[in-house]
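Engineer: So I've got this file, work.pdb, and it contains PDB, C-alpha atoms:
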```
ATOM      1  CA  MET A   6     160.487  62.501  69.402
ATOM      2  CA  ARG A   7     159.834  61.978  73.120
ATOM      3  CA  ILE A   8     156.165  61.145  72.470
ATOM      4  CA  MET A   9     157.110  58.730  69.689
ATOM      5  CA  GLY A  10     159.572  56.900  71.942
ATOM      6  CA  LYS A  11     163.281  57.074  72.576
ATOM      7  CA  ARG A  12     165.042  55.908  69.442
ATOM      8  CA  GLN A  13     168.246  56.897  67.742
ATOM      9  CA  LEU A  14     168.077  57.800  64.071
ATOM     10  CA  GLY A  15     169.849  54.593  63.074
ATOM     11  CA  GLU A  16     167.477  52.466  65.165
ATOM     12  CA  MET A  17     164.311  53.809  63.565
ATOM     13  CA  GLU A  18     162.029  51.517  61.624
ATOM     14  CA  PRO A  19     161.324  52.688  58.036
ATOM     15  CA  ALA A  20     157.832  53.988  58.977
ATOM     16  CA  GLU A  21     159.248  55.918  61.945
ATOM     17  CA  PHE A  22     161.981  57.433  59.768
ATOM     18  CA  VAL A  23     159.440  58.566  57.150
ATOM     19  CA  VAL A  24     157.278  60.147  59.883
ATOM     20  CA  ALA A  25     160.314  61.934  61.378
ATOM     21  CA  VAL A  26     161.318  63.355  57.974
ATOM     22  CA  LEU A  27     157.740  64.432  57.230
ATOM     23  CA  ILE A  28     157.406  66.108  60.631
ATOM     24  CA  SER A  29     160.588  68.126  60.158
ATOM     25  CA  ASP A  30     159.435  69.253  56.706
ATOM     26  CA  LEU A  31     155.920  70.161  57.890
ATOM     27  CA  ALA A  32     157.252  72.056  60.907
ATOM     28  CA  ALA A  33     159.715  74.021  58.775
ATOM     29  CA  HIS A  34     157.173  75.172  56.164
ATOM     30  CA  PRO A  35     155.167  77.740  58.254
ATOM     31  CA  LEU A  36     158.421  79.003  59.742
ATOM     32  CA  GLN A  37     159.925  79.682  56.307
ATOM     33  CA  ASP A  38     156.781  81.251  54.836
ATOM     34  CA  ILE A  39     155.350  83.968  57.087
ATOM     35  CA  GLY A  40     152.144  84.029  55.030
ATOM     36  CA  THR A  41     151.259  80.477  56.082
ATOM     37  CA  PRO A  42     149.423  80.129  59.421
ATOM     38  CA  LEU A  43     151.230  78.136  62.127
ATOM     39  CA  LEU A  44     148.227  75.814  62.331
ATOM     40  CA  TYR A  45     149.034  74.540  58.815
ATOM     41  CA  GLY A  46     152.210  73.049  60.266
ATOM     42  CA  LEU A  47     151.073  72.223  63.790
ATOM     43  CA  ILE A  48     147.947  70.220  62.941
ATOM     44  CA  PRO A  49     149.572  67.869  60.381
ATOM     45  CA  VAL A  50     152.522  67.354  62.774
ATOM     46  CA  MET A  51     150.111  66.487  65.614
ATOM     47  CA  ILE A  52     148.152  64.121  63.364
ATOM     48  CA  LEU A  53     151.349  62.379  62.223
ATOM     49  CA  VAL A  54     152.613  62.002  65.809
ATOM     50  CA  LEU A  55     149.262  60.618  66.976
ATOM     51  CA  CYS A  56     149.120  58.200  64.022
ATOM     52  CA  GLN A  57     152.685  57.134  64.800
ATOM     53  CA  VAL A  58     151.739  56.467  68.454
ATOM     54  CA  LEU A  59     148.758  54.387  67.295
ATOM     55  CA  ILE A  60     150.856  52.477  64.720
ATOM     56  CA  SER A  61     153.620  51.747  67.238
ATOM     57  CA  GLY A  62     150.958  50.648  69.757
ATOM     58  CA  GLY A  63     149.518  48.327  67.110
ATOM     59  CA  MET A  64     153.008  46.957  66.385
ATOM     60  CA  MET A  65     153.489  46.180  70.083
ATOM     61  CA  LYS A  66     150.190  44.274  70.190
ATOM     62  CA  SER A  67     150.209  42.373  66.900
ATOM     63  CA  LEU A  68     153.131  40.525  65.332
ATOM     64  CA  LYS A  69     151.354  40.378  61.955
ATOM     65  CA  PHE A  70     150.859  44.150  61.958
ATOM     66  CA  ARG A  71     154.483  44.628  62.974
ATOM     67  CA  SER A  72     155.788  42.514  60.107
ATOM     68  CA  LEU A  73     153.466  44.352  57.710
ATOM     69  CA  ILE A  74     154.797  47.772  58.770
ATOM     70  CA  CYS A  75     158.448  46.950  59.507
ATOM     71  CA  GLY A  76     159.089  43.880  57.371
ATOM     72  CA  LYS A  77     160.994  40.824  58.590
ATOM     73  CA  PRO A  78     164.691  40.342  59.364
ATOM     74  CA  SER A  79     166.597  38.628  56.516
ATOM     75  CA  LEU A  80     169.028  35.794  57.022
ATOM     76  CA  ILE A  81     171.943  36.898  54.853
ATOM     77  CA  ILE A  82     174.343  34.168  56.034
ATOM     78  CA  GLU A  83     172.941  30.814  57.151
ATOM     79  CA  ASN A  84     175.244  28.123  58.454
ATOM     80  CA  GLY A  85     178.184  29.967  56.913
ATOM     81  CA  LYS A  86     176.540  30.150  53.471
ATOM     82  CA  ILE A  87     175.886  33.561  51.946
ATOM     83  CA  SER A  88     172.406  33.821  50.456
ATOM     84  CA  ALA A  89     172.710  35.626  47.128
ATOM     85  CA  LEU A  90     168.911  35.720  46.895
ATOM     86  CA  GLU A  91     168.529  37.529  50.237
ATOM     87  CA  LEU A  92     171.323  39.944  49.306
ATOM     88  CA  GLN A  93     169.546  40.708  46.033
ATOM     89  CA  LYS A  94     166.148  41.051  47.728
ATOM     90  CA  ASN A  95     167.542  43.575  50.218
ATOM     91  CA  ARG A  96     169.736  45.299  47.630
ATOM     92  CA  VAL A  97     172.868  44.696  49.681
ATOM     93  CA  THR A  98     176.141  44.218  47.825
ATOM     94  CA  LEU A  99     178.946  41.942  48.989
ATOM     95  CA  ASP A 100     181.076  45.029  49.609
ATOM     96  CA  GLU A 101     178.408  46.448  51.910
ATOM     97  CA  LEU A 102     178.116  43.115  53.725
ATOM     98  CA  SER A 103     181.895  43.015  54.256
ATOM     99  CA  GLU A 104     181.826  46.631  55.426
ATOM    100  CA  GLN A 105     179.084  45.928  57.966
ATOM    101  CA  LEU A 106     181.018  42.895  59.253
ATOM    102  CA  ARG A 107     184.250  44.888  59.495
ATOM    103  CA  LYS A 108     182.388  47.484  61.582
ATOM    104  CA  LYS A 109     181.672  44.626  63.964
ATOM    105  CA  ASP A 110     185.394  43.754  64.049
ATOM    106  CA  ILE A 111     184.796  40.643  61.931
ATOM    107  CA  LEU A 112     187.465  40.606  59.247
ATOM    108  CA  ASP A 113     187.104  36.981  58.130
ATOM    109  CA  ILE A 114     183.647  36.218  56.707
ATOM    110  CA  SER A 115     184.275  32.472  57.079
ATOM    111  CA  THR A 116     184.035  32.866  60.869
ATOM    112  CA  VAL A 117     180.382  33.949  60.619
ATOM    113  CA  LYS A 118     177.759  31.253  61.116
ATOM    114  CA  TYR A 119     174.697  33.486  60.886
ATOM    115  CA  ALA A 120     174.266  37.086  59.751
ATOM    116  CA  VAL A 121     170.875  38.741  60.001
ATOM    117  CA  LEU A 122     169.895  41.996  58.331
ATOM    118  CA  GLU A 123     167.562  43.600  60.860
ATOM    119  CA  THR A 124     164.469  45.610  59.928
ATOM    120  CA  ASP A 125     166.219  48.890  60.845
ATOM    121  CA  GLY A 126     169.035  48.090  58.367
ATOM    122  CA  SER A 127     171.680  47.033  60.911
ATOM    123  CA  LEU A 128     173.502  43.706  60.670
ATOM    124  CA  SER A 129     173.691  41.169  63.495
ATOM    125  CA  ALA A 130     176.318  38.461  63.263
ATOM    126  CA  ILE A 131     176.747  35.208  65.190
ATOM    127  CA  LEU A 132     180.153  33.572  64.979
ATOM    128  CA  TYR A 133     180.948  29.849  64.980
ATOM    129  CA  PRO A 134     181.426  28.690  68.604
ATOM    130  CA  ALA A 135     185.147  28.123  67.955
ATOM    131  CA  GLU A 136     185.491  31.743  66.801
ATOM    132  CA  SER A 137     183.407  33.303  69.576
ATOM    133  CA  PRO A 138     185.201  35.501  72.123
ATOM    134  CA  LEU A 139     186.331  33.698  75.258
ATOM    135  CA  THR A 140     184.091  34.261  78.293
ATOM    136  CA  PRO A 141     184.595  33.301  81.984
ATOM    137  CA  LYS A 142     181.962  30.582  81.438
ATOM    138  CA  HIS A 143     184.133  28.892  78.784
ATOM    139  CA  MET A 144     186.958  28.759  81.312
ATOM    140  CA  ASN A 145     184.671  27.636  84.179
ATOM    141  CA  ILE A 146     185.635  30.748  86.135
ATOM    142  CA  GLN A 147     183.204  32.247  88.627
ATOM    143  CA  ALA A 148     182.821  35.909  87.689
ATOM    144  CA  ASP A 149     182.030  38.495  90.377
ATOM    145  CA  ASP A 150     178.531  39.868  90.199
ATOM    146  CA  VAL A 151     178.593  43.586  89.492
ATOM    147  CA  GLY A 152     175.794  45.992  90.232
ATOM    148  CA  TYR A 153     174.464  48.645  87.912
ATOM    149  CA  PRO A 154     176.442  51.841  88.513
ATOM    150  CA  VAL A 155     174.389  55.013  88.728
ATOM    151  CA  ILE A 156     175.424  58.649  89.063
ATOM    152  CA  VAL A 157     175.239  59.859  92.653
ATOM    153  CA  ILE A 158     176.955  63.250  92.262
ATOM    154  CA  ASN A 159     176.776  65.045  88.941
ATOM    155  CA  ASP A 160     178.896  68.197  88.655
ATOM    156  CA  GLY A 161     178.588  68.945  92.385
ATOM    157  CA  HIS A 162     174.851  68.126  92.576
ATOM    158  CA  ILE A 163     173.743  65.201  94.739
ATOM    159  CA  ILE A 164     171.144  63.048  92.986
ATOM    160  CA  GLU A 165     169.221  61.858  96.036
ATOM    161  CA  HIS A 166     166.748  59.582  94.256
ATOM    162  CA  ASN A 167     169.635  57.565  92.769
ATOM    163  CA  LEU A 168     171.171  57.359  96.233
ATOM    164  CA  LYS A 169     167.873  56.076  97.650
ATOM    165  CA  LYS A 170     167.518  53.556  94.799
ATOM    166  CA  LEU A 171     170.888  52.058  95.788
ATOM    167  CA  GLY A 172     169.760  51.866  99.417
ATOM    168  CA  PHE A 173     172.267  54.451 100.660
ATOM    169  CA  ASN A 174     171.751  57.766 102.439
ATOM    170  CA  LEU A 175     173.483  61.128 102.834
ATOM    171  CA  GLN A 176     175.492  59.851 105.832
ATOM    172  CA  TRP A 177     176.951  57.084 103.650
ATOM    173  CA  LEU A 178     177.770  59.676 101.004
ATOM    174  CA  GLU A 179     179.496  61.965 103.516
ATOM    175  CA  LYS A 180     181.482  58.985 104.769
ATOM    176  CA  GLN A 181     182.594  58.163 101.221
ATOM    177  CA  LEU A 182     183.632  61.781 100.601
ATOM    178  CA  GLY A 183     185.449  61.909 103.953
ATOM    179  CA  ALA A 184     187.384  58.728 103.093
ATOM    180  CA  ARG A 185     188.638  60.561  99.984
ATOM    181  CA  LYS A 186     189.448  63.718 101.967
ATOM    182  CA  LEU A 187     186.671  65.734 100.351
ATOM    183  CA  LYS A 188     184.392  68.000 102.417
ATOM    184  CA  HIS A 189     181.495  68.870 100.113
ATOM    185  CA  ALA A 190     179.682  67.431  97.127
ATOM    186  CA  ASP A 191     180.680  70.647  95.309
ATOM    187  CA  ASP A 192     184.271  69.320  95.226
ATOM    188  CA  VAL A 193     183.142  66.295  93.180
ATOM    189  CA  PHE A 194     182.780  66.347  89.407
ATOM    190  CA  LEU A 195     181.395  62.829  89.046
ATOM    191  CA  MET A 196     180.633  60.070  91.511
ATOM    192  CA  THR A 197     179.002  56.773  90.606
ATOM    193  CA  ALA A 198     178.097  53.880  92.875
ATOM    194  CA  ASP A 199     176.517  50.450  92.466
ATOM    195  CA  THR A 200     174.501  48.218  94.757
ATOM    196  CA  SER A 201     177.619  46.374  95.869
ATOM    197  CA  GLY A 202     178.962  49.668  97.219
ATOM    198  CA  LYS A 203     181.666  50.046  94.581
ATOM    199  CA  VAL A 204     182.369  53.729  94.083
ATOM    200  CA  TYR A 205     184.010  55.671  91.275
ATOM    201  CA  LEU A 206     184.857  59.282  92.100
ATOM    202  CA  ALA A 207     186.374  62.039  90.007
ATOM    203  CA  SER A 208     187.037  65.200  91.997
ATOM    204  CA  ARG A 209     187.188  68.629  90.384
ATOM    205  CA  GLU A 210     190.940  68.641  90.931
ATOM    206  CA  ASP A 211     191.289  65.451  88.845
ATOM    207  CA  THR A 212     189.529  66.947  85.825
TER     208      THR A 212
ATOM    209  CA  MET B   6     147.589  51.128  76.142
ATOM    210  CA  LYS B   7     146.788  54.384  77.961
ATOM    211  CA  LYS B   8     149.077  56.301  75.588
ATOM    212  CA  GLU B   9     147.363  54.784  72.522
ATOM    213  CA  PHE B  10     143.917  55.546  73.965
ATOM    214  CA  ILE B  11     144.881  59.191  74.556
ATOM    215  CA  ALA B  12     146.326  59.348  71.011
ATOM    216  CA  LEU B  13     143.102  57.936  69.540
ATOM    217  CA  LEU B  14     140.954  60.376  71.533
ATOM    218  CA  SER B  15     143.182  63.304  70.517
ATOM    219  CA  LEU B  16     142.993  62.220  66.875
ATOM    220  CA  ILE B  17     139.185  62.056  67.017
ATOM    221  CA  LEU B  18     139.150  65.462  68.748
ATOM    222  CA  LEU B  19     141.447  66.988  66.094
ATOM    223  CA  ILE B  20     139.321  65.613  63.252
ATOM    224  CA  SER B  21     136.138  66.902  64.957
ATOM    225  CA  VAL B  22     137.660  70.370  65.462
ATOM    226  CA  SER B  23     138.779  70.369  61.798
ATOM    227  CA  MET B  24     135.216  69.508  60.718
ATOM    228  CA  VAL B  25     133.796  72.311  62.896
ATOM    229  CA  ASN B  26     136.401  74.684  61.445
ATOM    230  CA  ILE B  27     135.443  73.740  57.870
ATOM    231  CA  HIS B  28     131.760  74.225  58.704
ATOM    232  CA  PHE B  29     132.381  77.599  60.393
ATOM    233  CA  LEU B  30     134.605  78.925  57.599
ATOM    234  CA  THR B  31     132.119  77.764  54.950
ATOM    235  CA  LYS B  32     129.310  79.526  56.856
ATOM    236  CA  ILE B  33     131.246  82.814  57.067
ATOM    237  CA  THR B  34     132.261  82.780  53.389
ATOM    238  CA  THR B  35     128.774  81.699  52.236
ATOM    239  CA  ASP B  36     127.177  84.499  54.291
ATOM    240  CA  ILE B  37     129.578  87.074  52.867
ATOM    241  CA  ALA B  38     129.103  85.711  49.326
ATOM    242  CA  GLY B  39     125.322  85.992  49.914
ATOM    243  CA  LEU B  40     125.715  89.651  50.926
ATOM    244  CA  VAL B  41     127.876  90.361  47.864
ATOM    245  CA  GLU B  42     125.294  88.612  45.638
ATOM    246  CA  GLU B  43     122.688  90.895  47.198
ATOM    247  CA  THR B  44     124.969  93.853  46.380
ATOM    248  CA  ASP B  45     125.204  92.592  42.798
ATOM    249  CA  LYS B  46     121.390  92.531  42.511
ATOM    250  CA  TYR B  47     121.144  96.141  43.759
ATOM    251  CA  ILE B  48     123.871  97.179  41.296
ATOM    252  CA  ARG B  49     121.839  95.684  38.427
ATOM    253  CA  THR B  50     118.781  97.750  39.497
ATOM    254  CA  GLU B  51     121.122 100.740  40.059
ATOM    255  CA  ASN B  52     120.028 100.992  43.707
ATOM    256  CA  TRP B  53     123.445 102.293  44.784
ATOM    257  CA  GLU B  54     122.451 103.192  48.347
ATOM    258  CA  LYS B  55     121.273  99.646  49.142
ATOM    259  CA  ALA B  56     124.254  98.201  47.277
ATOM    260  CA  ARG B  57     126.699 100.223  49.442
ATOM    261  CA  GLU B  58     124.839  99.163  52.595
ATOM    262  CA  SER B  59     125.006  95.500  51.624
ATOM    263  CA  ALA B  60     128.698  95.699  50.641
ATOM    264  CA  GLY B  61     129.418  97.460  53.956
ATOM    265  CA  LYS B  62     127.760  94.593  55.824
ATOM    266  CA  ALA B  63     129.940  92.081  53.940
ATOM    267  CA  GLN B  64     133.085  94.070  54.753
ATOM    268  CA  ARG B  65     132.161  94.344  58.456
ATOM    269  CA  LYS B  66     131.419  90.616  58.678
ATOM    270  CA  TRP B  67     134.831  89.826  57.177
ATOM    271  CA  ASP B  68     136.554  92.270  59.584
ATOM    272  CA  ARG B  69     134.709  90.821  62.624
ATOM    273  CA  HIS B  70     136.284  87.425  61.999
ATOM    274  CA  ASP B  71     139.713  88.862  61.138
ATOM    275  CA  ALA B  72     141.632  87.120  63.954
ATOM    276  CA  TYR B  73     140.076  83.716  63.211
ATOM    277  CA  ILE B  74     140.592  84.127  59.450
ATOM    278  CA  HIS B  75     144.283  84.965  59.981
ATOM    279  CA  MET B  76     144.695  81.728  61.960
ATOM    280  CA  VAL B  77     143.129  79.443  59.368
ATOM    281  CA  LEU B  78     143.789  81.033  55.962
ATOM    282  CA  ARG B  79     146.950  81.873  54.049
ATOM    283  CA  GLN B  80     147.944  85.535  53.820
ATOM    284  CA  THR B  81     147.654  85.495  49.992
ATOM    285  CA  GLU B  82     144.004  84.336  50.181
ATOM    286  CA  ILE B  83     143.175  86.951  52.841
ATOM    287  CA  GLU B  84     144.798  89.691  50.770
ATOM    288  CA  SER B  85     142.914  88.740  47.598
ATOM    289  CA  VAL B  86     139.533  88.758  49.416
ATOM    290  CA  ARG B  87     140.371  92.090  51.062
ATOM    291  CA  SER B  88     141.400  93.683  47.778
ATOM    292  CA  SER B  89     138.273  92.398  45.966
ATOM    293  CA  LEU B  90     135.980  93.779  48.723
ATOM    294  CA  SER B  91     137.880  97.065  48.685
ATOM    295  CA  GLU B  92     137.591  97.276  44.839
ATOM    296  CA  LEU B  93     133.846  96.701  45.185
ATOM    297  CA  SER B  94     133.498  99.504  47.780
ATOM    298  CA  LYS B  95     135.484 101.923  45.588
ATOM    299  CA  ALA B  96     133.336 101.096  42.539
ATOM    300  CA  LEU B  97     130.149 101.579  44.583
ATOM    301  CA  ILE B  98     131.272 104.993  45.875
ATOM    302  CA  SER B  99     131.990 106.183  42.351
ATOM    303  CA  GLU B 100     128.811 104.382  41.101
ATOM    304  CA  SER B 101     130.861 103.251  38.113
ATOM    305  CA  ASP B 102     130.183 100.439  35.608
ATOM    306  CA  THR B 103     133.035  98.416  37.053
ATOM    307  CA  ALA B 104     130.889  97.687  40.147
ATOM    308  CA  LYS B 105     129.217  94.663  38.491
ATOM    309  CA  GLY B 106     132.573  93.124  37.621
ATOM    310  CA  ALA B 107     133.946  93.870  41.097
ATOM    311  CA  ALA B 108     130.932  92.178  42.708
ATOM    312  CA  ARG B 109     131.325  89.053  40.513
ATOM    313  CA  ALA B 110     135.055  88.942  41.372
ATOM    314  CA  ALA B 111     134.303  89.192  45.123
ATOM    315  CA  ILE B 112     131.682  86.418  44.903
ATOM    316  CA  SER B 113     134.042  84.076  43.065
ATOM    317  CA  GLN B 114     136.824  84.910  45.558
ATOM    318  CA  MET B 115     134.553  83.983  48.489
ATOM    319  CA  LYS B 116     133.448  80.747  46.812
ATOM    320  CA  SER B 117     137.064  79.858  46.125
ATOM    321  CA  VAL B 118     138.031  80.410  49.795
ATOM    322  CA  ALA B 119     135.092  78.248  50.911
ATOM    323  CA  SER B 120     136.015  75.452  48.493
ATOM    324  CA  ILE B 121     139.700  75.384  49.555
ATOM    325  CA  GLU B 122     138.880  74.019  53.005
ATOM    326  CA  ARG B 123     136.243  71.484  51.894
ATOM    327  CA  ILE B 124     137.191  67.812  51.945
ATOM    328  CA  ARG B 125     137.122  66.884  48.280
ATOM    329  CA  LEU B 126     139.272  64.608  46.167
ATOM    330  CA  ARG B 127     140.468  67.537  44.025
ATOM    331  CA  ASN B 128     141.569  69.391  47.169
ATOM    332  CA  ILE B 129     143.479  66.369  48.450
ATOM    333  CA  PHE B 130     145.290  65.438  45.254
TER     334      PHE B 130
END
```
Before anything else, please render the file you have as C-alpha cells.
Structural biologist:
Amino acid sequence: MRIMGKRQLGEMEPAEFVVAVLISDLAAHPLQDIGTPLLYGLIPVMILVLCQVLISGGMMKSLKFRSLICGKPSLIIENGKISALELQKNRVTLDELSEQLRKKDILDISTVKYAVLETDGSLSAILYPAESPLTPKHMNIQADDVGYPVIVINDGHIIEHNLKKLGFNLQWLEKQLGARKLKHADDVFLMTADTSGKVYLASREDT
Amino acid sequence: MKKEFIALLSLILLISVSMVNIHFLTKITTDIAGLVEETDKYIRTENWEKARESAGKAQRKWDRHDAYIHMVLRQTEIESVRSSLSELSKALISESDTAKGAARAAISQMKSVASIERIRLRNIF
C-alpha cells in the first residue's frame, strides 16, 4: 500500500480498489495452501503493484488516460436541479443521495446548488451562497493567521526535526517546559507548537 | 517519474526472469523425459541393465534440482513426478512387464510439467 501511494480505502479509485482486493487474495493463497510455492503469490503481487505504479504514473501525466481509467465526476445536482439521468447512469437512488447529503449535515436538498458524484464514489456538495456557512470574510473581519501545528514531544520523546522545522531549538523547548513547571520531556505526554509560537501541552499528570 | 521508471525496469526484469525460468524448467523436464524415453527403448529391447542406468540418471537429475523445483512447482506436481519415477525404478528392479507402462507414465508426467509453465492460451484461460 505504501508503494501504491497513501490512500484510504474509501478514497481509492475503482482500479486501485480492484488491485488491492486482488493483491490480498493472491497473497493469501500460498499461505493457505502449503503445497503452493510462495513465488506463486509473490510474483503476481509484485507484477500487480508495478502495473499499478505505472497506471497511476500514467494517470498523473495524461488527463485522457485518467478519465479512461477512473471515469469522470457526475453532476448530480446542477443549479438546484436533480439530474434523473445522471442518477440513473450512476445507479444512485434518491434515498442514497439524501443519505450522502445528510452525512454532510445537509438536511434540506433545496439548499444545494451543485452536487458532484466523485470518481471514488463520494459526494461533494456546494450550497447556495445564502445557505453557505458564515465565514470571517463575509463579516469583513480580519482573522488571525495560524501556523501549522506539529508534534514536538510525543509520549516523552522530543522530535527534533519538527522543532528545527519550526525554527526553534532545545533551549526554547526547555524554556517552554520551565514556564509550565516541568523539568523533563519525559513528563510530557503531548506537546504541539506552530510557527507563531503557540504551544499546546498535555503533561502526563493531565492524562 | 523516477518511481515509474523503476517500476517499468522491475517489470521488464520480472518478465525476463520468468522467461528464463520457463526455459530452464522446460530444459530440465525435456532432458529427464529424454532419459526416460531412452529407458523405454532399453525396456523394449529387454536391456534391463542399461534401462536401470538410464532411469537412475533421470532420478539423479531430478534430485539435483530439488530445491529449485520446490520453489517453482506445486507440491502435487512434484509428488506425482517422484512417484512415477519411483514406480519406474521398482518395475526395472523386478524386470516386470509393468516397466513399459511406468516409463510411458513418467514421460507423460514430465511433458505435462513442462507444458504447465509454457505461455500458451490454454494455460492462461
Engineer: I need the residue nearest Leu13 in chain B from this list: A:Tyr205, A:Lys188, A:Val58, A:Met17. Use only C-alpha atoms for the distance.
Structural biologist: A:Val58
Engineer: Range 75-91 of chain B: which residues within 7 Å, counting all atoms listed in the file, same-chain residues fewer than 4 positions away excluded, as a list in words?
Structural biologist: Gly40, Thr41, Pro42 and Leu44 of chain A; Gln64, Asp71, Lys95, Ala107, Ala110, Ala111, Gln114 and Met115 of chain B
Engineer: Please produce a file of the residues just selected, as a compact mmCIF listing (two decimals), in the frame of the given file, where the atoms kept are C-alpha atoms.
Structural biologist:
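Full text of again37.txt as output:
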```txt
# COMPACT_ATOMS: atom_id res chain seq x y z
CA GLY A 40 152.14 84.03 55.03
CA THR A 41 151.26 80.48 56.08
CA PRO A 42 149.42 80.13 59.42
CA LEU A 44 148.23 75.81 62.33
CA GLN B 64 133.08 94.07 54.75
CA ASP B 71 139.71 88.86 61.14
CA LYS B 95 135.48 101.92 45.59
CA ALA B 107 133.95 93.87 41.10
CA ALA B 110 135.06 88.94 41.37
CA ALA B 111 134.30 89.19 45.12
CA GLN B 114 136.82 84.91 45.56
CA MET B 115 134.55 83.98 48.49
```
Engineer: Between CA of Gly161 in chain A and CA of Glu210 in chain A, what is the distance, to one decimal in Å?
Structural biologist: 12.4 Å
Engineer: Nearest to chain A: which of B:Glu54, B:Ala72, B:Ile33, B:Ser120 is it, counting only C-alpha atoms?
Structural biologist: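 Closest to chain A, using only C-alpha atoms: B:Ala72.
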Engineer: If I take CA of Pro154 in chain A and CA of Leu168 in chain A, how far is one from the other in Å, to one decimal?
Structural biologist: 10.9 Å
Engineer: Would you work out the distance separating CA of Ala25 in chain A from CA of Phe10 in chain B, expressed in Å to one decimal?
Structural biologist: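 According to the coordinates, CA of Ala25 in chain A and CA of Phe10 in chain B are separated by 21.6 Å.
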Engineer: Would you translate the PyMOL selection byres ((chain A and resi 209) around 8) into the concrete set of residues it matches in this file, as a list in words?
Structural biologist: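 Taken on the displayed file, the PyMOL selection byres ((chain A and resi 209) around 8) yields the residues Asp192, Val193, Phe194, Ala207, Ser208, Glu210, Asp211 and Thr212 of chain A.
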Engineer: If the PyMOL selection byres ((chain A and resi 112-128) around 9) were run on this exact file, what residues would it hold? Put them as a ChimeraX atom specification.
Structural biologist: /A:15-19,75-87,95,102-103,105-111,129-137
Engineer: Compute the chain A side of the contact with chain B at 10 Å, counting all atoms listed in the file, and hand it back as a list in words.
Structural biologist: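 Every residue meeting the condition is included here: Ile8, Asp38, Ile39, Gly40, Thr41, Pro42, Leu43, Leu44, Tyr45, Ile48, Pro49, Met51, Ile52, Leu53, Val54, Leu55, Cys56, Gln57, Val58, Leu59, Ile60, Ser61, Gly62, Gly63, Met65 and Lys66 of chain A.
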